[in-house]
Amino acid sequence: MNQELYYMFVKLARVWIPDAEEVWKSAALTKNYEDGDGSLQLALEDGTNLEHKLDPKTKNLPYLRNPDILVGENDLTALSYLHEPAVLHNLKVRFIDSKLIYTYCGIVLVAINPYESLPIYGSDIINAYSGQNMGDMDPHIFAVAEEAYKQMARDERNQSIIVSGESGAGKTVSAKYAMRYFATVSGTTSEANVEQKVLASNPIMEAIGNAKTTRNDNSSRFGKYIEIGFDPRYRIIGANMRTYLLEKSRVVFQADEERNYHIFYQLCASAHLPELKDLRLGSANDFLYTRQGRSPVIEGVDDTKELSTTRHAFTLLGVNESYQMGLFQVLAAILHLGNVEVKDRDSDSSVIPPNNSHLTAFCELVGVSYQDMSHWLCHRKLRTATETYIKTVPRLQAVNSRDALAKHVYAKLFSWIVEHVNKALVTNIKQRSFIGVLDIYGFETFEINSFEQFCINYANEKLQQQFNMHVFKLEQEEYMREEIPWTLIDFYDNQPCINLIEAKMGVLDLLDEECKMPKGSDESWAQKLYNTHLKTCSLFQKPRLSNRAFIIQHFADKVEYQCEGFLEKNKDTVNEEQINVLKASKKFPLLVELFQDGEKAVSPTGQPQGAGGRTRLSVKPDKGRTSSREHKKTVGCQFRNSLQMLMDTLNATTPHYVRCIKPNDFKLAFSFDPMRAVQQLRACGVLETIRISAAGFPSRWTYQEFYSRYRVLMKQKDVLQDKRLTCRNVLEFLVQDQDKYQFGKTKIFFRAGQVAYLEKLRSDKLRVACVRIQKTIRCWLARKKFLRQRRSAITIQRFTRGFQARCLAKFMRRTSAATTIQKYQRMCVARRRYRQKQAAALAMQTILRAYMARQKYRALLRESKAVVIQKHARGLLARRRFKRCLRAIVYLQCCLRRMRARWELKKLKIEARSVEHFKKLNIGMENKIMQLQRRIDEQNNNHRATVDKLATLEAGHAADSERMRVEVTRLRGVEEDARNNANRANSLQGELERLKKELATTQKEKKTIEDWATKYRDEMEKMVSELKSQNGLLKSEKDDLNRMIQEQRQQMTEQMARAIAEETQQLETDLNEERSRYQNLLTEHLRLEEKHDDLKEEMALSSNTSRPGHRRTDSTHSSNESEYTYNSEYAEADEGSRVSEVDGGRAHMDSGRGMDTNLTLKLQKRLGELEQDKQQLRDELENKEELFQRARARDDVEHKKARGAELEYESLKRQELESENKKLKHNLAEMRQSLLGNQATGAGAPGSPAYKVLLDQLNSSSEELDVRKEEVLILRSQLVSQKEATHHKETMTEPTHHVVDVSKLKDTDEIKQAYVGLKDTNRLLESQLQAQRRSYDNETEGLRSELQNVKEENNRQQQLLAQNLQLPPEARIEASLQHEITRLTNENLDLMEQLEKQDKTIRKLKKQLKVYSKRIGEMGVGQTEGQTSPGQMVDEPVRAVSIPRREKDFQGMLEYKRQDELKLVKNLILELKPRGVAVNLIPGLPAYILFMCLRHADYVNDDEKVRTLLASTINCIKKILKKRGDDFETVSFWLANTCRFLHCLKQYSGDEVFMKHNSARQNEHCLSNFDLAEYRQVISDLAIQIYQQLIKCMENILQAMIVSGMLEHETIQGVSGVKPTGLRKRTSSIADEGMYTLESILRQLGAFHSTMCQHGTDPELIKQVVKQQFYIIGAVTLNNLLLRKDMCSWSKGMQIRYNVSQLEEWLRDKNLMACGAKETLEPLIQAAQLLQVKKKTDEDAEAICSMCHALTTAQIVKVLNLYTPVNEFEERVSVSFIRTIQTRLRGRCESPQLLMDTKVIYPVTFPFNPSALALETIQIPSSLNLGFLVRV
C-alpha cells in the first residue's frame, strides 16, 4: 500500500460499504487505518458505530467516497474515484436533489426516466443547444443529437445514435426527441415537410407496435432503426426505417395488467364513429384478444383522440382514406377472429358452430367464404410423396391455428405499414449522409424467459461488444494523440457468449437443426444443448430442478430460459390453406396485397425482414413447393442476419450512445430505487465504461487548468515562466509514484484517485491558510473591539463624572433653597400661632361678654315669653283645628296624585319595555334628550309653582290663623261661659290627639313622597347622564364614520389613481404588444416576400434553362412594386407583364409539381399561419374602403354641385356677352344710319346732336367693354396658361386706345376707325367664347373618358377577382390584399386631387371677389378724380387673378430628367459604400438629396414622377439590404437615412403638428401638391424592417462573444476555481488565446454606438438599439447559466455582477442610463445575487423570494438545483430549502418557460426628429457622380 493510500484512510475519511437494501451505504472512519489492521472502525451517517471486517485473504479496503465538490458532476468520468457506489451516488444526487435526468458517462449519455413532464424540450432549449459543443452545456439528449449532426457535417461521416434500455426506461421518447431536434435544426421547415413526415411516423409506429406492459404504459414491442437522410446542405430529405423482432404473441395473449397493441383499443374506443360502423366493433372487453390483461384503459390516455392522431399521421404520409379503412378492416377482422369459438367434436376433431357471428363478421370484412374458412380452421392438409389428404385437428390445435393466423396477418399488416411509411419518407434527391437512430430493447430478464427474451439479449450482447470496442478505441486514440505510454487495458470481452449463441453448433444452430427434424421437440433440443455445451462452455449452465430450461451467463447477468415454445416460435408456421383462402379474396384487394410479396420476405431497404415475423409459406406452384420449403429460413436465422446487417451499419458510422435507466418499478415521479438502478447500470454497460476508464487515466487536466487549480500548492520559487515545467516539478514533488500520472502534449493524465489526493492536499493547504486568515482577522477584530471598548469606557467615565458634578451642584443649590424655605416657613408658623392666640383671647372675651348679656337677656325674655306662651297656646288650638282640616285635604290630594303617578309610572314602564320605545330612543336619541330636558324644565316649573302655591297656602294659613286668633280672643270671652262644658273640652282634646296622629302620618307620607321624588330625580339625572353618554358615543361614532368616510374617499381616490395608472400602463402594454405584433407581421411579410423572390428567381433560372431567350425582370423590383407602387397608370401599364409572368410561373410550377410538391405544401402551411392576421387586415381595409367610398360619394356630390354652379355661371356669362354683343351691333347699326342720314347736313360735326349721341354710345360701350373684358379675363385665367393670358391681355388692350382718344376724334374717318376697332373687338370676343366652348367640350369629353376609365378599372378588378378565385386560398388572400391596397391608394390619391381642385376653385373665386371689390373701389376713385384711364383699370385685375408660380431662383430643390431616375438611385443607393464615400458626407445626405428631388417633382405637380421616385427608392433600399444585409455598417447607414427621409416627409408635409420647430424658410419649402401620408407609413414599415435586420445583424455578431465574455472569461483573476473535468471537455474559465472577453463585448458595443452616431442615427433610436443589445446579452447569458451546472457557483456570481457593473459603466459613459437597458439585465443580476446570498434558513428563503422578482419560479429553482460549490468550504443547497422556495413562490402567476426568449425584439418607434439644416445650403459632393442633378 502506497503513501497516498495511507494518507487517505485516516480519521473522518468517508468510504462506501455494501448494503443489502441500498446496495451501498456511506460511512466515516472513526480512527486511522494502520497497515495490518483486520477491520475498520466506522460510523454510519445515522450515528451507528460499525466494525467493518476486511477480507483476510485480499485485504481489500472499501471504496473511498469522492469529495463533496465532485458529487453531482455532469460527467461521471470527472469523479476522482471511479467505481460503482460513486456512480450510483452521483446519479442519485443529480436525479433526486437537482432534478437532473441526464448525466454523461464518458461517451455515454445516461438518461433516467423522471415519469413526469419536464419543460426542457421546447424550441428555446433546442436553440440554446444548437451550435454548442457537447461539453459546454449540461447533459441533454439535444447535446448528443447536436454532436452527431455536427460530426456528420464536419467529418462527412454517417452517424448513429443508439438508444437502449429496458422497457419503461424512456427509449422511445429519447429517440423521438432526437429526431425532433434534427427536424428543427436542419433548416428545412420553410422548404419541405419531410421532417414532419419523419415525426408523423412516430404515432403510427406507436399505435401498431407499442403496448402497455407492467413496466411501461407505452412499451415498444419491436426494435427499429431509422436512417434520417440529409442532402449536401445537411437538410432532411428523407428517412428509412428498419424493424426488428415484432412481438407477435402479444396479438393473441397478454399477461395481467397488460394490453394488446394500442391500435386495437383505439378502434374499439372509436367504434361509434359513422365511418367505423361497418367494422362491427364494440367495447374492448367484448373481444378475447383485448380483454385478457384486464386493463383495457390507460390512465390519462384518450384512445379516441389517439386514433384521430394516428389517422392524421396516415394522411400526412400519403395513405389515403380508403387504405386506412382497409387497414382498420383487417384489424377488426383479427379481433373478430379471436372471438371465433371452436368446440370439440371428439378427441381428434373439432368444429365451429354454424352461423358463428364473429366468423361471419371476419369473412365479410376480409371478403372470403365462410365455409372455406370454417373448414380450414378445423382441418389441415397433409402431403406425402404420392398423395394429399385432409386431416381433422383437435380443438387445442385448431385454437392454436386460429391464433397463428391472427399473428401472421398482423405481422403482414405491420410489414405493409412499415413499407408504405418508408415509401412516404423516400426522396428522389441524392442523399449525402445520414444519421441513424436505433431504438432497441434493452437487456431483459423475467421470471419466465422465452424465445423473445433470448433474441433480445442476443442483440444486446452484440451491441455491448460493439460498445466496448468503441470505448476502447476512443481511449487508445486519446492516449496516442497525447503521446503517452500506452498499455493494453484488460476489459471484458463477451465474444465467448456470442459464440455460444451464434457459432457453429451454437444455440441457434442447434435450434434450426431441431426445427428441421420431423419429430423435433423442445425437450430433445434441450438435451442436445446439455450434451453439447454443458461441459465445454462455462457460460452455459443447467438448472438443478428442470430438464427443459438452460442458463446463459450474459454480460449483465445470468438468465434462465424456458425451452417451451422455442421451436414453434422459431418455425413461425401457419396453415397454408388458410393463407390461400385469404389470398382468394376478390372483394378486398388490400388483403391480397398484404400476401403478394410473402415469398420475398425482404424489407423496403433490401434486408430480410426476420424481425417482422413474416410467414415462411411459399406461394409458388405445387411442383416447386418442396424446394421452397427447404430454403425457408427460420426466425432465428433471419434475426441473426438482420442483426449482422445492423452491426455492419453501426460499424460504418460514428456511434453515440444513450442509455435509458428506469428509476423504479412503480412509475413514481423522481423516485430512485438503488437496487433497480444498479442492475440496469450493469446491464447497459455504463459500469463497464467506468471500469475501462478507471483502468487507464480517467482524469485529464490541461496544463493551464492544473496550474490555475493547484497554484496554491506551489511555492513562489517553484513558479516558472514555462507552466508545463512548473506543473511537472510540482507533480514530481507531490506524487512520488511516477505511474500515477503521465504528461501528454496538452494534458496531464491521472490515475483514479489521484485527483482526490490532490484535492485533499489543496483542501488542507487552504484550510491552514483559512485558519491563519481567521487568526489574523480575529486578532484584528479583538483589538478593534478592545479599542472601541476603551474609547467607550473613557466616554462613560467622562459623562459619569460630569453627571456627578452636576448632581453635587444641584444638591448644594437645593440645600440653600431649603434653608431659605425653612426660615420663611418658621416665620410664617410663628406669626400664624401668635395670631391664633390673639384671636382666641378676643373670642373668649367676646363669648364671656356675650354669655353674660344672654343671661340677662334670657331673664328678661323668660318673663316676656310666659306672656307669649299663653298667647300662642290659645292660638295653637285654633291652628291645630285648621291644620287638621288642611292635612285631610292634602292627604286626599296626595292619594289622588299618587294613584295618577302610579298609572303614569306603569305606562312609562310599559313603554320602556317595548321594542318600539327602544327603537325610538335609538333613532331619535337627541330629540329624546331634548324632550327629557324640556320635561325636567317643566317639572322645575311645576316645582316652583308648587312652592308658590305652598307659599300662598301658608299666607292663607297665616290669615286663617289670624282669624282663628281673633276667634280665640272672642272665645276667651266665652271661656267663662264654656267652663262648665268639660265634655266638650275633653272631646276637643281627643280630637287634638287624633289630629296629631294624622299630622305624624301626613309627615311620614310627605317624607315618603319626598324620598320618591328624590329617587325619581336621581333616576332622571342618571338617565339624562346615560343619554348624554350615549349622545357622546353617537357623536364619537359619527366622527369615526366621518373619518372613515374621509379615509375611504381618500382610498377611493388613491385606488382610482392607481387604477388609472394601471389602466394606462395596460394600454401602453397593449400598444406595445400591438406594435410588436404588427412589426412581427412585417417581418413575416418580408420573409415571405424574400422567399417569393427566391422562388421566382429559381423559376426564372429553370425557365431560362428550359427555354433559351426567356428573360425575367428583377424579382425584388417586381415584388416590391406590387406592394409599394401606387400609380394607377403605372400599375396598369405593368399589370399585363406581371400577370403574364405569374401565369408563366404558375405553368412552370404545374409542370414541376411533382418535384416541388413538398415545397408548395410547406409554403401553404406557412402562409396559412398568417391567414387570420391577413383576414383581420382585410376586414380593416374593407372598413376603410367603405369610409373612403362614402367620403368619395359625398365629395363627388359636392364637386358636381360646385361644378354645376360654375358651369351655370359661365353659361350665363356667355349669354350676357352674346346679348351685349347683339346690343353693340344694334347700336352700331343705329349710328351708321344716323351718320348716313345726316351726312349732308353736317350732323357729324363736333357739337352736333349726332356727334353727342355717338360719343355717349361710345363711352357707354367702352365702359361695358371694360366690364366684359374683366369678366373674360377672369374666365380665361381659369382655363388657359399664363402665356395665353398675357397674349390676350395685349390684344384686348388695343381698343382701349381708341376709347382713350374718343374725346379727340374730330372727323368721320376717326369715327370709322373707332367702329372698325370695336368690330374687331366683338370678333375677338366671339373667338374667345368659341374657345371657351371648345374647352368646356373638351372638359366634358375628359369627364366621359374618366367615366370610361372607371368602367374599365371596374372590369379589370372583376377580372382580377375571377383570377384570384382560381388561385389557392393563401395566394388568393395575398393577391386580394395587394389589389385592395393598390385600389384604395389610387382612390385616396384621386380624392386628394379632387380636393386640391376644389381648393383651387375656392381660391380663384376668392380672388374674383377681391378683383370685383378692387374694381369697384377704383371706379369710385375714377369718378372722383376723372383722370384714370380705362387701360389702367384693365391691367390691375389681370395681375390679381394670374396663377401664382414659384420663383425661378427658388432654392432647396433638385431637378432631374425622367430617364436619369435609374442613374440617380443607382449612384445614390446601390453603389454607395458606407465605409468609402459616405464616411465624409453630411449625416443623412442621401435622404436629403432624395427629398429635394421629390420636392421638385411635387413643385411641377408630376404625380407619376413622385410615385416612380418613391417606388424606386424603396425597392433599391430593399435590394441593397438583401444583398449586403449582414454588414452592420450598411444596415445602420440605411436605417439612419430611411429615418431621416421619413422625418423630412413629416417636417415638410405642411401639417401643423410637424411644423412647430420649422423656421420661416423651412415652412416655405413644404410640399404643395401631394399628401404623402400613406407613403410615410410605407417608409415607416421599411424602417421597421431595416431595424429588425440591424438587430439580427448585431445578434449574429454578439452571439459568439456573450457566453465567453460574460461567463467563461475570468475577469477577476483568482476568484473562479476550476473543477476537475471528465471526458466531455468543458470550456475553461481561464482566458485562452482567441477567446472573447468582456473587453471584446465592450469594444464591439462601442463600435456599434460610434457607427450609428457617425451615420446620424436618431438618439432615441440608438437608445432602443442599445436596449435590445443589452436584452440579448442578458438573455443569452442567463440561458447558458441555467443550462450549465459548472457555472452556478458563488465565485461565478461575483464575476457576473462585476461584468454587469462594467456594462452599466459603459452606459454611463455613453449617457444611456435612461434608455431602459439596465432593466433588461435585471434577471441576470438577480440570478447572480441568488448565487451569492445565503441559502439556509426561512429568512433567507423570504429574502430570495422578495429579491428575485424578475426571475420565474422555474428559473429560481433551476439555479438552486444547479448551484455547485467549487471549494469544500461552500455548502450545497438542501432539498428542503428548495421546497420551501417552491412553496413560497406557488402563488405567482407566471409562465412555466425556463429560458428567456432570445428572439424577442422590442417594438420600435420613430419619434419625430426635425432637422435644422436648410435645404438650400446642402451641397452635393462630386464623388457621388450626381452631376445630372440641377439645383432649382
# chains A, B, ... in the order shown; residues from 1 in each chain; ligands from 1
>>> residues_around(residues="Asn1699 of chain A", least_positions_apart="2", cutoff="8 Å", atoms="only C-alpha atoms", output="list of chain:residue names")
A:Met1606, A:Thr1611, A:Leu1638, A:Gln1695, A:Ile1696, A:Arg1697, A:Ser1701, A:Gln1702, A:Leu1703
>>> write_last_selection(atoms="N, CA, C and O atoms", output="PDB file, in the first residue's frame")
ATOM      1  N   MET A1606     -19.058  36.914 -20.908  1.00  0.00           N
ATOM      2  CA  MET A1606     -19.842  37.145 -19.689  1.00  0.00           C
ATOM      3  C   MET A1606     -19.706  36.018 -18.673  1.00  0.00           C
ATOM      4  O   MET A1606     -19.832  36.250 -17.468  1.00  0.00           O
ATOM      5  N   THR A1611     -12.779  37.512 -15.447  1.00  0.00           N
ATOM      6  CA  THR A1611     -12.478  38.942 -15.422  1.00  0.00           C
ATOM      7  C   THR A1611     -11.684  39.310 -14.175  1.00  0.00           C
ATOM      8  O   THR A1611     -10.710  40.054 -14.228  1.00  0.00           O
ATOM      9  N   LEU A1638     -14.790  40.158 -21.770  1.00  0.00           N
ATOM     10  CA  LEU A1638     -15.737  41.249 -21.562  1.00  0.00           C
ATOM     11  C   LEU A1638     -15.290  42.499 -22.298  1.00  0.00           C
ATOM     12  O   LEU A1638     -16.116  43.265 -22.813  1.00  0.00           O
ATOM     13  N   GLN A1695     -18.344  37.129 -10.520  1.00  0.00           N
ATOM     14  CA  GLN A1695     -17.858  37.509 -11.851  1.00  0.00           C
ATOM     15  C   GLN A1695     -18.971  38.155 -12.670  1.00  0.00           C
ATOM     16  O   GLN A1695     -18.767  39.168 -13.341  1.00  0.00           O
ATOM     17  N   ILE A1696     -20.151  37.574 -12.600  1.00  0.00           N
ATOM     18  CA  ILE A1696     -21.261  38.113 -13.388  1.00  0.00           C
ATOM     19  C   ILE A1696     -21.615  39.512 -12.913  1.00  0.00           C
ATOM     20  O   ILE A1696     -21.856  40.427 -13.725  1.00  0.00           O
ATOM     21  N   ARG A1697     -21.662  39.707 -11.597  1.00  0.00           N
ATOM     22  CA  ARG A1697     -22.012  41.040 -11.089  1.00  0.00           C
ATOM     23  C   ARG A1697     -20.955  42.073 -11.488  1.00  0.00           C
ATOM     24  O   ARG A1697     -21.281  43.225 -11.785  1.00  0.00           O
ATOM     25  N   SER A1701     -21.627  45.299 -13.842  1.00  0.00           N
ATOM     26  CA  SER A1701     -21.235  46.661 -13.435  1.00  0.00           C
ATOM     27  C   SER A1701     -20.412  47.344 -14.534  1.00  0.00           C
ATOM     28  O   SER A1701     -20.530  48.556 -14.745  1.00  0.00           O
ATOM     29  N   GLN A1702     -19.587  46.578 -15.237  1.00  0.00           N
ATOM     30  CA  GLN A1702     -18.827  47.163 -16.346  1.00  0.00           C
ATOM     31  C   GLN A1702     -19.756  47.590 -17.480  1.00  0.00           C
ATOM     32  O   GLN A1702     -19.556  48.635 -18.114  1.00  0.00           O
ATOM     33  N   LEU A1703     -20.783  46.809 -17.734  1.00  0.00           N
ATOM     34  CA  LEU A1703     -21.765  47.202 -18.742  1.00  0.00           C
ATOM     35  C   LEU A1703     -22.500  48.472 -18.320  1.00  0.00           C
ATOM     36  O   LEU A1703     -22.762  49.359 -19.146  1.00  0.00           O
TER      37      LEU A1703
END
>>> residues_around(residues="segment 400-411 of chain A", least_positions_apart="3", cutoff="6 Å", atoms="only C-alpha atoms", output="list in words")
Lys248, Ile334, Gln397, Phe414, Val574 and Gly613 of chain A
>>> atom_distance(atom1="atom CA of Cys1653 of chain A", atom2="atom CA of Val1804 of chain A")
17.9 Å
>>> select_by_dssp(residues="segment 41-177 of chain A", states="strand (DSSP E)", output="ChimeraX atom specification")
/A:41-44,49-53,63-64,102-105,108-112,159-164
>>> write_last_selection(atoms="C-alpha atoms", output="short mmCIF file (atom, residue, chain, number, x, y, z; two decimals), in the first residue's frame")
data_model
loop_
_atom_site.label_atom_id
_atom_site.label_comp_id
_atom_site.auth_asym_id
_atom_site.auth_seq_id
_atom_site.Cartn_x
_atom_site.Cartn_y
_atom_site.Cartn_z
CA GLN A 41 -13.92 1.26 12.78
CA LEU A 42 -16.77 3.10 11.03
CA ALA A 43 -19.65 5.38 11.92
CA LEU A 44 -22.70 5.39 9.69
CA ASN A 49 -20.93 2.61 15.05
CA LEU A 50 -19.86 -0.35 12.97
CA GLU A 51 -16.81 -2.57 12.70
CA HIS A 52 -16.17 -3.49 9.09
CA LYS A 53 -14.21 -6.74 8.72
CA TYR A 63 -14.22 2.19 -1.80
CA LEU A 64 -13.35 5.77 -0.88
CA TYR A 102 -29.24 13.43 -17.92
CA THR A 103 -25.63 12.61 -17.00
CA TYR A 104 -22.58 11.91 -19.12
CA CYS A 105 -20.52 8.82 -18.56
CA VAL A 108 -22.47 7.64 -23.00
CA LEU A 109 -25.45 9.79 -22.07
CA VAL A 110 -27.31 8.25 -19.13
CA ALA A 111 -30.98 9.25 -19.15
CA ILE A 112 -33.16 8.46 -16.13
CA GLN A 159 -23.63 8.88 -37.57
CA SER A 160 -25.72 6.63 -35.34
CA ILE A 161 -27.47 7.26 -32.06
CA ILE A 162 -28.01 4.01 -30.17
CA VAL A 163 -30.79 4.33 -27.59
CA SER A 164 -31.13 1.31 -25.33
#
>>> select_by_dssp(residues="segment 164-333 of chain A", states="helix (DSSP H, G or I)", output="ChimeraX atom specification")
/A:171-185,194-209,248-251,262-269,274-279,284-286,288-291,303-316,321-333
>>> residues_around(residues="segment 984-996 of chain A", least_positions_apart="5", cutoff="12 Å", atoms="only C-alpha atoms", output="list of chain:residue names")
A:Leu876, A:Leu877, A:Ala878, A:Arg879, A:Arg880, A:Arg881, A:Phe882, A:Lys883, A:Arg884, A:Cys885, A:Leu886, A:Arg887, A:Ala888, A:Glu975, A:Ala978, A:Arg979, A:Thr1001, A:Thr1002, A:Gln1003
>>> atom_distance(atom1="atom CA of Tyr1763 of chain A", atom2="atom CA of Ile1725 of chain A")
15.8 Å
>>> closest_residue(among="A:Gln638, A:Val559, A:Lys516, A:Asn216", to="Phe666 of chain A", atoms="only C-alpha atoms")
A:Asn216
>>> residues_around(residues="segment 380-388 of chain A", least_positions_apart="3", cutoff="12 Å", atoms="only C-alpha atoms", output="number ranges by chain")
A: 349-350, 372-377, 391-394, 397-398, 401-402, 574-579, 622-623, 625-626
>>> residues_around(residues="segment 649-656 of chain A", least_positions_apart="2", cutoff="10 Å", atoms="only C-alpha atoms", output="VMD selection string")
chain A and resid 107 to 109 144 to 145 147 to 148 151 to 152 155 157 to 163 434 to 438 463 466 to 467 470 643 to 647 658
>>> residues_around(residues="segment 270-287 of chain A", least_positions_apart="5", cutoff="7 Å", atoms="only C-alpha atoms", output="number ranges by chain")
A: 265, 296, 304, 329, 332, 335, 339
>>> write_last_selection(atoms="C-alpha atoms", output="short mmCIF file (atom, residue, chain, number, x, y, z; two decimals), in the first residue's frame")
data_model
loop_
_atom_site.label_atom_id
_atom_site.label_comp_id
_atom_site.auth_asym_id
_atom_site.auth_seq_id
_atom_site.Cartn_x
_atom_site.Cartn_y
_atom_site.Cartn_z
CA TYR A 265 -58.14 -0.19 -28.26
CA PRO A 296 -58.23 -2.01 -21.20
CA THR A 304 -60.38 8.11 -29.40
CA GLN A 329 -60.94 -3.73 -41.61
CA ALA A 332 -61.21 -5.52 -36.86
CA LEU A 335 -60.44 -9.09 -33.28
CA ASN A 339 -63.75 -14.48 -30.75
#
>>> closest_residue(among="A:Gln679, A:Gln797, A:Ser1580, A:Thr1764", to="Ser1691 of chain A", atoms="only C-alpha atoms")
A:Thr1764
